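Peer 1: query16.txt is reproduced in full below (compact mmCIF, C-alpha atoms).
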```txt
# COMPACT_ATOMS: atom_id res chain seq x y z
CA MET A 21 -25.67 146.23 -0.93
CA MET A 22 -23.96 143.52 -3.00
CA LYS A 23 -23.15 144.22 -6.60
CA ARG A 24 -24.32 141.37 -8.81
CA ASP A 25 -21.01 140.93 -10.61
CA GLU A 26 -19.12 140.80 -7.30
CA PHE A 27 -21.56 138.15 -6.07
CA LEU A 28 -20.99 136.15 -9.28
CA LYS A 29 -17.20 136.47 -9.00
CA VAL A 30 -17.30 134.88 -5.53
CA LEU A 31 -19.39 132.01 -6.86
CA GLY A 32 -17.00 131.56 -9.78
CA GLU A 33 -14.02 131.44 -7.41
CA GLN A 34 -15.53 128.81 -5.11
CA ARG A 35 -17.41 126.72 -7.65
CA LYS A 36 -15.77 123.37 -8.53
CA ASP A 37 -17.76 120.95 -10.71
CA GLU A 38 -21.28 122.02 -9.80
CA VAL A 39 -23.85 122.63 -12.53
CA VAL A 40 -24.88 126.31 -12.58
CA VAL A 41 -28.21 127.20 -14.22
CA ALA A 42 -28.51 130.97 -14.70
CA VAL A 43 -31.18 133.24 -16.13
CA TYR A 44 -31.27 136.69 -17.73
CA SER A 45 -28.83 139.27 -16.30
CA ALA A 46 -27.09 136.78 -14.02
CA ALA A 47 -26.63 134.45 -16.98
CA GLN A 48 -25.32 137.19 -19.29
CA GLU A 49 -22.76 138.16 -16.67
CA PHE A 50 -21.83 134.76 -15.27
CA ILE A 51 -20.79 133.27 -18.63
CA GLN A 52 -18.39 136.20 -19.03
CA ILE A 53 -17.15 136.32 -15.43
CA ALA A 54 -16.79 132.56 -14.88
CA PRO A 55 -16.89 130.56 -18.14
CA HIS A 56 -17.30 126.84 -17.41
CA PRO A 57 -18.50 123.83 -19.42
CA LEU A 58 -21.19 123.15 -16.80
CA ASN A 59 -22.84 126.56 -17.16
CA TYR A 60 -26.45 126.08 -18.36
CA THR A 61 -28.24 129.14 -19.75
CA PHE A 62 -30.60 127.47 -22.25
CA THR A 63 -33.81 128.15 -20.38
CA GLY A 64 -35.80 129.49 -23.35
CA ALA A 65 -38.56 131.39 -21.55
CA MET A 66 -38.88 133.66 -18.52
CA GLY A 67 -39.45 131.92 -15.21
CA GLN A 68 -38.25 128.51 -16.33
CA GLY A 69 -34.72 128.39 -14.88
CA SER A 70 -35.53 126.53 -11.68
CA SER A 71 -37.59 123.96 -13.60
CA HIS A 72 -34.68 123.20 -15.94
CA ALA A 73 -32.51 122.94 -12.84
CA LEU A 74 -34.94 120.50 -11.24
CA GLY A 75 -34.75 118.26 -14.31
CA LEU A 76 -30.96 118.35 -14.16
CA ALA A 77 -30.93 117.65 -10.42
CA LEU A 78 -33.29 114.68 -10.74
CA GLY A 79 -31.38 113.32 -13.71
CA ARG A 80 -27.99 113.65 -12.05
CA PRO A 81 -28.47 113.21 -8.29
CA ASP A 82 -24.69 112.84 -7.94
CA LYS A 83 -24.13 116.46 -9.05
CA ARG A 84 -24.86 119.60 -7.09
CA VAL A 85 -27.11 121.91 -9.13
CA ILE A 86 -27.14 125.64 -8.39
CA VAL A 87 -29.78 127.86 -9.97
CA LEU A 88 -29.26 131.63 -10.20
CA ASP A 89 -32.89 132.73 -10.48
CA GLY A 90 -34.33 136.23 -10.68
CA ASP A 91 -37.07 137.56 -8.42
CA GLY A 92 -39.22 138.67 -11.38
CA SER A 93 -38.57 135.31 -13.02
CA LEU A 94 -39.55 133.35 -9.92
CA LEU A 95 -42.79 135.33 -9.62
CA MET A 96 -43.64 134.12 -13.12
CA ASN A 97 -43.35 130.48 -12.03
CA LEU A 98 -44.08 130.46 -8.28
CA GLY A 99 -45.49 126.95 -8.42
CA THR A 100 -41.95 125.75 -9.04
CA LEU A 101 -41.24 126.21 -5.32
CA VAL A 102 -44.00 123.73 -4.50
CA THR A 103 -42.85 121.29 -7.17
CA ILE A 104 -39.24 121.45 -5.94
CA GLY A 105 -40.32 121.18 -2.31
CA HIS A 106 -42.28 118.04 -3.17
CA ALA A 107 -39.56 116.45 -5.32
CA ALA A 108 -37.04 117.40 -2.59
CA PRO A 109 -33.76 116.94 -4.48
CA ALA A 110 -30.93 116.90 -1.94
CA ASN A 111 -28.51 118.31 -4.55
CA PHE A 112 -30.45 121.52 -5.21
CA LEU A 113 -29.35 125.06 -4.22
CA HIS A 114 -31.78 127.78 -5.30
CA CYS A 115 -30.14 131.24 -5.29
CA LEU A 116 -32.44 134.18 -5.89
CA CYS A 117 -30.78 137.30 -7.31
CA SER A 118 -33.21 139.82 -5.82
CA ASN A 119 -33.18 143.35 -7.17
CA GLY A 120 -36.88 144.11 -6.67
CA SER A 121 -37.48 144.90 -10.31
CA TYR A 122 -37.91 143.64 -13.85
CA GLU A 123 -34.42 144.89 -14.67
CA THR A 124 -34.15 143.50 -18.21
CA ASN A 125 -37.50 145.06 -19.13
CA GLY A 126 -36.81 148.59 -17.97
CA SER A 127 -36.34 148.22 -14.20
CA ILE A 128 -40.06 148.47 -13.37
CA PRO A 129 -40.60 147.56 -9.68
CA LEU A 130 -42.08 144.12 -8.87
CA PRO A 131 -45.77 144.12 -7.86
CA VAL A 132 -45.14 142.80 -4.35
CA ASN A 133 -46.37 143.92 -0.95
CA ALA A 134 -43.76 145.05 1.59
CA LYS A 135 -44.58 141.97 3.69
CA PHE A 136 -43.88 139.58 0.83
CA SER A 137 -41.15 137.02 1.56
CA PHE A 138 -39.65 134.54 -0.87
CA THR A 139 -37.90 132.71 1.97
CA ALA A 140 -41.21 132.21 3.81
CA LEU A 141 -42.74 130.80 0.63
CA ALA A 142 -39.80 128.46 0.08
CA LEU A 143 -39.99 127.13 3.63
CA ALA A 144 -43.74 126.66 3.40
CA ALA A 145 -43.26 124.81 0.12
CA GLY A 146 -40.95 122.29 1.75
CA TYR A 147 -37.38 123.52 1.20
CA ARG A 148 -35.17 122.20 3.97
CA ASN A 149 -33.79 125.64 4.70
CA ALA A 150 -34.12 129.20 3.45
CA TYR A 151 -31.79 132.11 4.17
CA ARG A 152 -31.50 135.77 3.33
CA ILE A 153 -28.07 137.29 2.60
CA THR A 154 -27.43 140.95 1.84
CA ASP A 155 -23.69 141.29 2.34
CA LEU A 156 -20.92 140.17 -0.02
CA GLU A 157 -18.60 139.01 2.76
CA GLU A 158 -21.38 136.98 4.35
CA TRP A 159 -21.99 135.34 0.95
CA ARG A 160 -18.29 134.59 0.59
CA GLY A 161 -18.09 133.10 4.09
CA ARG A 162 -21.27 131.02 3.94
CA LEU A 163 -21.03 129.68 0.40
CA PRO A 164 -18.93 126.59 1.33
CA GLU A 165 -21.55 125.43 3.83
CA LEU A 166 -24.38 126.20 1.40
CA LEU A 167 -22.68 124.06 -1.25
CA ALA A 168 -22.43 121.17 1.23
CA GLU A 169 -25.84 121.44 2.88
CA PRO A 170 -28.49 118.87 1.89
CA GLY A 171 -31.16 120.52 -0.19
CA PRO A 172 -33.34 121.79 -1.44
CA VAL A 173 -31.99 125.02 0.03
CA PHE A 174 -33.17 128.51 -0.89
CA VAL A 175 -31.10 131.70 -0.52
CA ASP A 176 -32.59 135.13 -1.16
CA LEU A 177 -29.66 137.40 -2.07
CA GLU A 178 -30.34 141.10 -2.11
CA MET A 179 -28.22 142.80 -4.76
CA GLU A 180 -28.04 145.54 -7.32
CA ARG A 181 -26.62 145.86 -10.77
CA GLY A 182 -22.82 146.16 -10.87
CA ALA A 183 -20.63 146.89 -13.86
CA ASP A 184 -22.08 146.76 -17.38
CA TYR A 185 -21.70 143.54 -19.38
CA ALA A 186 -22.61 142.91 -22.99
CA GLU A 187 -25.92 141.12 -23.62
CA ASP A 188 -26.15 138.25 -26.08
CA PHE A 189 -29.47 136.39 -25.86
CA GLU A 190 -28.65 134.24 -28.89
CA ARG A 191 -25.61 132.91 -27.05
CA LEU A 192 -27.68 132.21 -23.92
CA TYR A 193 -30.15 129.96 -25.73
CA ASN A 194 -27.89 128.53 -28.44
CA PRO A 195 -28.42 124.74 -28.76
CA VAL A 196 -24.80 124.31 -29.90
CA PHE A 197 -23.64 125.36 -26.43
CA ARG A 198 -26.41 123.19 -24.89
CA ASP A 199 -25.04 120.17 -26.73
CA ALA A 200 -21.55 120.98 -25.45
CA PHE A 201 -22.96 121.26 -21.92
CA ARG A 202 -24.67 117.89 -22.31
CA LEU A 203 -21.42 116.22 -23.32
CA ALA A 204 -19.51 117.92 -20.50
CA LEU A 205 -22.09 116.76 -17.95
CA GLN A 206 -21.95 113.24 -19.33
CA LYS A 207 -18.16 113.20 -18.81
CA SER A 208 -18.33 114.80 -15.37
CA ARG A 209 -18.74 111.87 -12.99
CA MET B 28 -68.30 98.65 -30.81
CA ALA B 29 -64.54 99.24 -31.13
CA ASP B 30 -62.15 97.87 -28.51
CA ALA B 31 -61.18 100.31 -25.77
CA LEU B 32 -57.82 101.99 -26.18
CA ASN B 33 -55.40 99.67 -24.42
CA ALA B 34 -53.66 101.40 -21.51
CA ALA B 35 -51.18 98.58 -20.93
CA GLY B 36 -50.21 98.71 -24.58
CA ILE B 37 -49.54 102.46 -24.38
CA ILE B 38 -47.46 102.04 -21.23
CA ALA B 39 -45.48 99.23 -22.87
CA ALA B 40 -44.78 101.44 -25.90
CA ILE B 41 -43.58 104.25 -23.63
CA LYS B 42 -41.21 101.87 -21.82
CA GLN B 43 -40.03 100.43 -25.12
CA ALA B 44 -39.07 103.95 -26.18
CA GLY B 45 -36.73 104.26 -23.20
CA ILE B 46 -38.86 106.66 -21.17
CA ARG B 47 -38.26 106.37 -17.43
CA PHE B 48 -39.28 109.82 -16.17
CA ILE B 49 -42.95 110.78 -16.31
CA VAL B 50 -43.67 114.46 -15.62
CA ALA B 51 -47.34 114.99 -15.03
CA LEU B 52 -50.40 116.97 -14.16
CA PRO B 53 -53.58 114.93 -13.76
CA ASP B 54 -55.78 114.84 -16.85
CA ARG B 55 -59.29 113.34 -16.88
CA THR B 56 -58.63 111.44 -20.11
CA THR B 57 -55.42 109.71 -19.02
CA THR B 58 -55.24 109.69 -15.21
CA GLU B 59 -57.05 106.40 -14.56
CA GLY B 60 -55.51 104.39 -17.38
CA LEU B 61 -52.01 105.84 -17.53
CA LEU B 62 -50.94 108.12 -14.68
CA LYS B 63 -52.23 106.04 -11.76
CA PRO B 64 -50.60 102.81 -13.01
CA MET B 65 -47.38 104.71 -13.76
CA MET B 66 -47.26 106.10 -10.22
CA LYS B 67 -47.27 102.51 -8.93
CA ASP B 68 -44.80 101.20 -11.52
CA PRO B 69 -41.20 100.91 -10.26
CA ASP B 70 -39.96 101.30 -13.84
CA PHE B 71 -41.06 104.94 -13.77
CA GLN B 72 -40.09 107.94 -11.69
CA VAL B 73 -43.09 110.28 -11.69
CA VAL B 74 -42.50 114.00 -11.13
CA GLN B 75 -45.70 115.86 -10.32
CA VAL B 76 -45.77 119.51 -11.34
CA CYS B 77 -48.04 122.43 -10.46
CA LYS B 78 -48.22 123.87 -13.98
CA GLU B 79 -47.59 122.42 -17.40
CA ASP B 80 -44.88 124.85 -18.55
CA GLU B 81 -42.72 123.71 -15.64
CA GLY B 82 -43.03 120.23 -17.08
CA LEU B 83 -41.58 121.21 -20.45
CA SER B 84 -38.53 122.68 -18.75
CA ILE B 85 -38.08 119.70 -16.43
CA CYS B 86 -38.11 117.44 -19.50
CA ALA B 87 -35.46 119.70 -21.09
CA GLY B 88 -33.27 119.47 -18.00
CA LEU B 89 -33.69 115.71 -17.93
CA TYR B 90 -32.64 115.53 -21.59
CA SER B 91 -29.46 117.46 -20.85
CA SER B 92 -28.73 115.07 -18.00
CA GLY B 93 -29.04 112.06 -20.32
CA HIS B 94 -32.60 110.87 -19.70
CA ARG B 95 -35.77 110.47 -21.72
CA ALA B 96 -38.99 111.85 -20.29
CA LEU B 97 -42.67 112.14 -21.16
CA LEU B 98 -44.95 115.00 -20.09
CA LEU B 99 -48.56 113.94 -19.40
CA MET B 100 -51.17 116.69 -19.40
CA GLN B 101 -54.57 117.86 -20.62
CA TYR B 102 -54.93 119.88 -23.84
CA THR B 103 -55.85 122.95 -21.80
CA GLY B 104 -52.41 122.74 -20.17
CA LEU B 105 -50.78 122.46 -23.56
CA LEU B 106 -52.58 125.62 -24.67
CA ASP B 107 -51.46 127.31 -21.45
CA SER B 108 -47.83 126.38 -22.20
CA ILE B 109 -47.50 127.84 -25.69
CA ASN B 110 -44.64 130.18 -24.78
CA ALA B 111 -42.62 127.40 -23.15
CA LEU B 112 -43.35 125.19 -26.14
CA ARG B 113 -42.00 127.97 -28.37
CA GLY B 114 -38.93 128.88 -26.35
CA VAL B 115 -37.94 125.77 -24.43
CA ALA B 116 -38.87 123.04 -26.88
CA VAL B 117 -38.80 124.53 -30.40
CA GLU B 118 -36.26 127.34 -30.29
CA CYS B 119 -33.88 125.66 -27.85
CA LYS B 120 -34.25 122.39 -29.79
CA ASN B 121 -35.26 120.16 -26.91
CA PRO B 122 -36.90 116.77 -27.59
CA VAL B 123 -39.86 117.31 -25.28
CA CYS B 124 -42.32 114.44 -25.72
CA MET B 125 -45.88 115.18 -24.61
CA MET B 126 -48.93 112.96 -24.21
CA VAL B 127 -51.98 115.17 -24.17
CA GLY B 128 -55.53 114.14 -23.27
CA LEU B 129 -58.28 115.60 -25.44
CA LEU B 130 -60.93 116.01 -22.75
CA GLY B 131 -64.42 115.85 -24.19
CA LYS B 132 -63.47 114.79 -27.71
CA GLU B 133 -66.27 112.97 -29.52
CA PRO B 134 -65.14 109.37 -30.36
CA GLY B 135 -64.33 108.93 -34.03
CA VAL B 136 -64.60 112.63 -34.81
CA PRO B 137 -61.37 114.33 -35.91
CA PRO B 138 -60.30 116.99 -33.37
CA THR B 139 -60.57 119.73 -36.00
CA GLN B 140 -64.25 118.82 -36.47
CA SER B 141 -65.14 118.71 -32.78
CA ARG B 142 -68.06 120.75 -31.53
CA ARG B 143 -65.72 122.12 -28.87
CA TYR B 144 -63.71 125.20 -29.83
CA GLY B 145 -60.79 124.30 -27.56
CA LEU B 146 -60.39 120.91 -29.20
CA ARG B 147 -60.77 122.26 -32.75
CA ILE B 148 -57.84 124.63 -32.35
CA VAL B 149 -55.26 122.22 -30.88
CA GLU B 150 -53.93 120.74 -34.12
CA PRO B 151 -54.00 124.06 -36.05
CA VAL B 152 -52.05 125.73 -33.22
CA LEU B 153 -49.46 122.93 -33.30
CA ASP B 154 -49.29 123.16 -37.10
CA ALA B 155 -48.72 126.91 -36.90
CA MET B 156 -45.87 126.26 -34.44
CA GLU B 157 -44.45 123.54 -36.71
CA VAL B 158 -44.75 121.01 -33.87
CA SER B 159 -45.25 117.35 -34.85
CA HIS B 160 -48.34 115.62 -33.52
CA GLU B 161 -50.08 112.26 -33.76
CA LEU B 162 -53.60 111.24 -32.78
CA VAL B 163 -53.79 108.08 -30.66
CA GLU B 164 -57.42 106.96 -30.51
CA THR B 165 -57.47 103.30 -31.53
CA ASN B 166 -55.26 100.37 -30.63
CA ARG B 167 -53.76 100.52 -34.11
CA ASP B 168 -52.53 104.02 -33.26
CA ILE B 169 -50.38 102.72 -30.38
CA ALA B 170 -47.78 101.74 -32.97
CA LYS B 171 -47.24 105.45 -33.66
CA ILE B 172 -45.91 106.14 -30.17
CA GLY B 173 -42.44 104.59 -30.39
CA PRO B 174 -41.49 106.06 -33.78
CA ALA B 175 -42.80 109.50 -32.76
CA ILE B 176 -40.61 109.51 -29.65
CA GLU B 177 -37.58 108.26 -31.58
CA LYS B 178 -38.08 111.00 -34.18
CA SER B 179 -38.32 113.63 -31.46
CA TYR B 180 -34.93 112.64 -30.04
CA ALA B 181 -33.38 112.25 -33.49
CA ASP B 182 -34.61 115.68 -34.66
CA LEU B 183 -34.20 117.46 -31.29
CA ALA B 184 -37.77 118.67 -31.66
CA PRO B 185 -40.93 118.33 -29.57
CA VAL B 186 -43.74 115.92 -30.35
CA VAL B 187 -47.33 115.83 -29.11
CA LEU B 188 -49.25 112.54 -28.86
CA LEU B 189 -52.91 113.45 -28.66
CA ILE B 190 -54.99 110.90 -26.73
CA GLY B 191 -58.49 110.91 -28.18
CA VAL B 192 -60.27 108.54 -25.78
CA SER B 193 -59.61 107.35 -22.23
CA PRO B 194 -57.25 104.36 -22.25
CA ARG B 195 -58.50 101.41 -20.19
```
Could the structure of this file be written out as structure tokens, please?

Peer 2:
Amino acid sequence: MMKRDEFLKVLGEQRKDEVVVAVYSAAQEFIQIAPHPLNYTFTGAMGQGSSHALGLALGRPDKRVIVLDGDGSLLMNLGTLVTIGHAAPANFLHCLCSNGSYETNGSIPLPVNAKFSFTALALAAGYRNAYRITDLEEWRGRLPELLAEPGPVFVDLEMERGADYAEDFERLYNPVFRDAFRLALQKSR
Amino acid sequence: MADALNAAGIIAAIKQAGIRFIVALPDRTTTEGLLKPMMKDPDFQVVQVCKEDEGLSICAGLYSSGHRALLLMQYTGLLDSINALRGVAVECKNPVCMMVGLLGKEPGVPPTQSRRYGLRIVEPVLDAMEVSHELVETNRDIAKIGPAIEKSYADLAPVVLLIGVSPR
């Protein structure tokens, strides 16, 4: 199974000037693994990452927006799939970091049936495509086409925790960094 | 009998404030007079959401991408979005502007004196959260809309415009 930090390193290597919206553990790790002025971690409340990303994607249709969501987070805001499917931003790539648990809150398993499928929900909601990737080399090989494919596209990525990284929630939500992001996005044409 | 609250005047004030994105859930107080005309108005891009807390975050994302937005919803949706209001709007300092219909409010009666519990608690909840709010119930109140939106963007803080009667 993929380690989350290895998955994030691949994204950091291949990412150019895309906006990356990240939540919780993925956000804590990504800003250390791949610092970038277009990293957006200022989501403020659990489940809200993809909604922030939708606002960014609608506001800047010229920029590709990638959201690194969590499976517990997405369960808290499932209607977002329907909203995104309806708004249908072509510049939207929804990556789900699936670990099957509420990792930040003690790794309690998610309350989902074995038949539950995020990709089926995404397709039913109107995403143009939905994929499931469990292997790091497959992620590395397919990422270029995923970054080019018209969205909204959903990718369920099965992974587990990798190395330990320091947590700093104040940094994640700090409006000073948000203001710097805003300026960087304004300059990035 | 007082004149009806002027829907066209409210829409003009919203445009004057530079709002081009309307994020919305239907609300019985504002749908006919505001949301339906906005959905037909080429000056607006309307983003329909499934739940009100999504709307706060979409407005935050739009702000970071350089746009002004207004979230239209019912007061019940505002109450359902308290955690997003706390985290997304207040703590992350996002200028989320909200226009909130007070379904069932008695005309001329202050919300805090309504017979309805849900309406009575709206302003005290906002006060406890230190969120600015204005009541828009008469045509004279329409003049509050522009300055409230400007203040929200200047202070990087949310504002709630409470609509007390259905605009026509």

Peer 1: Kindly assemble as a tab-separated table a list of the chain B residues that lie within 6 Å of chain A, each paired with its nearest atom pair and their distance in Å to one decimal, using all atoms listed in the file, sorted first by chain and then by ascending residue number.

Peer 2:
```
residue	atom	partner	partner_atom	distance
B:Val76	CA	A:Thr103	CA	5.4
B:Cys77	CA	A:Gly99	CA	5.6
B:Glu81	CA	A:Ser71	CA	5.5
B:Ser84	CA	A:His72	CA	4.8
B:Ile85	CA	A:Gly75	CA	4.2
B:Gly88	CA	A:Gly75	CA	4.2
B:Leu89	CA	A:Gly75	CA	4.6
B:Ser91	CA	A:Arg202	CA	5.0
B:Ser92	CA	A:Gly79	CA	5.3
B:Ala111	CA	A:Ala65	CA	5.9
B:Gly114	CA	A:Gly64	CA	4.4
B:Val115	CA	A:Gly64	CA	4.4
B:Cys119	CA	A:Pro195	CA	5.6
```

Peer 1: Kindly indicate which residue among A:Ala46, A:Leu113, A:Ala150, A:Val87 lies nearest to Pro170 of chain A, using all atoms listed in the file for the distances.

Peer 2: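 For Pro170 of chain A, the nearest of the given residues is A:Leu113.
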
Peer 1: For a test of reading the model, state the distance in Å between atom CA of Leu116 of chain A and atom CA of Gln34 of chain A, rounded to one decimal.

Peer 2: 17.8 Å

Peer 1: Could you tell me how far atom CA of Tyr122 of chain A lies from atom CA of Leu112 of chain B, in Å and to one decimal?

Peer 2: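 So the two atoms, atom CA of Tyr122 of chain A and atom CA of Leu112 of chain B, lie 22.8 Å apart.
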
Peer 1: Quick one: residues within 12 Å of Gln52 of chain A, all atoms listed in the file counted, chain neighbours fewer than 2 positions away excluded, as a CSV table (one decimal) with C-alpha atoms, keeping the file's coordinate frame?

Peer 2:
```csv
chain,number,residue,atom,x,y,z
A,25,ASP,CA,-21.0,140.9,-10.6
A,28,LEU,CA,-21.0,136.2,-9.3
A,29,LYS,CA,-17.2,136.5,-9.0
A,32,GLY,CA,-17.0,131.6,-9.8
A,45,SER,CA,-28.8,139.3,-16.3
A,46,ALA,CA,-27.1,136.8,-14.0
A,47,ALA,CA,-26.6,134.4,-17.0
A,48,GLN,CA,-25.3,137.2,-19.3
A,49,GLU,CA,-22.8,138.2,-16.7
A,50,PHE,CA,-21.8,134.8,-15.3
A,54,ALA,CA,-16.8,132.6,-14.9
A,55,PRO,CA,-16.9,130.6,-18.1
A,56,HIS,CA,-17.3,126.8,-17.4
A,59,ASN,CA,-22.8,126.6,-17.2
A,184,ASP,CA,-22.1,146.8,-17.4
A,185,TYR,CA,-21.7,143.5,-19.4
A,186,ALA,CA,-22.6,142.9,-23.0
A,187,GLU,CA,-25.9,141.1,-23.6
A,188,ASP,CA,-26.2,138.2,-26.1
A,191,ARG,CA,-25.6,132.9,-27.0
A,192,LEU,CA,-27.7,132.2,-23.9
```

Peer 1: Could you jot down the atom CA of Val74 of chain B to atom CA of Arg152 of chain A separation for me, Å, one decimal place?

Peer 2: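 Taking atom CA of Val74 of chain B as the start and atom CA of Arg152 of chain A as the end point, the length is 28.4 Å.
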
Peer 1: Using only C-alpha atoms, pick whichever of B:Ala116, B:Cys124, B:Val163, B:Asp80 has the shortest atom-to-atom distance to Phe48 of chain B.

Peer 2: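 Checking each of B:Ala116, B:Cys124, B:Val163, B:Asp80 against Phe48 of chain B, counting only C-alpha atoms, the winner is B:Cys124.
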
Peer 1: List the neighbours of Pro69 of chain B out to 12 Å using all atoms listed in the file; skip same-chain residues closer than 6 positions along the sequence, and give me the result as a VMD selection string.

Peer 2: chain B and resid 42 47 to 49

Peer 1: Considering only C-alpha atoms, return as a compact mmCIF listing (two decimals) with C-alpha atoms, keeping the file's coordinate frame whatever protein or nucleic-acid residues lie within 8 Å of Ile190 of chain B, sequence-local ones (same chain, fewer than 2 positions apart) excluded.

Peer 2:
```
# COMPACT_ATOMS: atom_id res chain seq x y z
CA THR B 56 -58.63 111.44 -20.11
CA THR B 57 -55.42 109.71 -19.02
CA MET B 126 -48.93 112.96 -24.21
CA VAL B 127 -51.98 115.17 -24.17
CA GLY B 128 -55.53 114.14 -23.27
CA LEU B 129 -58.28 115.60 -25.44
CA LEU B 162 -53.60 111.24 -32.78
CA VAL B 163 -53.79 108.08 -30.66
CA GLU B 164 -57.42 106.96 -30.51
CA LEU B 188 -49.25 112.54 -28.86
CA VAL B 192 -60.27 108.54 -25.78
CA SER B 193 -59.61 107.35 -22.23
```

Peer 1: For a quick check of understanding, using all atoms listed in the file, which of A:Glu178, A:Asp37, A:Asp89, A:Glu158 has the smallest distance to Arg209 of chain A?

Peer 2: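 Closest candidate: A:Asp37.
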
Peer 1: Using all atoms listed in the file - which residues lie no farther than 10 Å from the point (-47.6, 124.1, -33.6) in the file's frame? Write them as a list of chain:residue names.

Peer 2: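 Taken together, the residues in range are B:Ile109, B:Leu112, B:Arg113, B:Val117, B:Val149, B:Glu150, B:Pro151, B:Val152, B:Leu153, B:Asp154, B:Ala155, B:Met156, B:Glu157, B:Val158, B:Ser159, B:His160, B:Pro185, B:Val186, B:Val187.
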
Peer 1: With C-alpha atoms retained, export the selected residues as a compact mmCIF listing (two decimals), in the frame of the given file.

Peer 2:
```txt
# COMPACT_ATOMS: atom_id res chain seq x y z
CA ILE B 109 -47.50 127.84 -25.69
CA LEU B 112 -43.35 125.19 -26.14
CA ARG B 113 -42.00 127.97 -28.37
CA VAL B 117 -38.80 124.53 -30.40
CA VAL B 149 -55.26 122.22 -30.88
CA GLU B 150 -53.93 120.74 -34.12
CA PRO B 151 -54.00 124.06 -36.05
CA VAL B 152 -52.05 125.73 -33.22
CA LEU B 153 -49.46 122.93 -33.30
CA ASP B 154 -49.29 123.16 -37.10
CA ALA B 155 -48.72 126.91 -36.90
CA MET B 156 -45.87 126.26 -34.44
CA GLU B 157 -44.45 123.54 -36.71
CA VAL B 158 -44.75 121.01 -33.87
CA SER B 159 -45.25 117.35 -34.85
CA HIS B 160 -48.34 115.62 -33.52
CA PRO B 185 -40.93 118.33 -29.57
CA VAL B 186 -43.74 115.92 -30.35
CA VAL B 187 -47.33 115.83 -29.11
```

Peer 1: Between B:Ala31, B:Ala40, B:Val50, B:Leu189, which is the closest to Pro174 of chain B once you count all atoms listed in the file?

Peer 2: B:Ala40
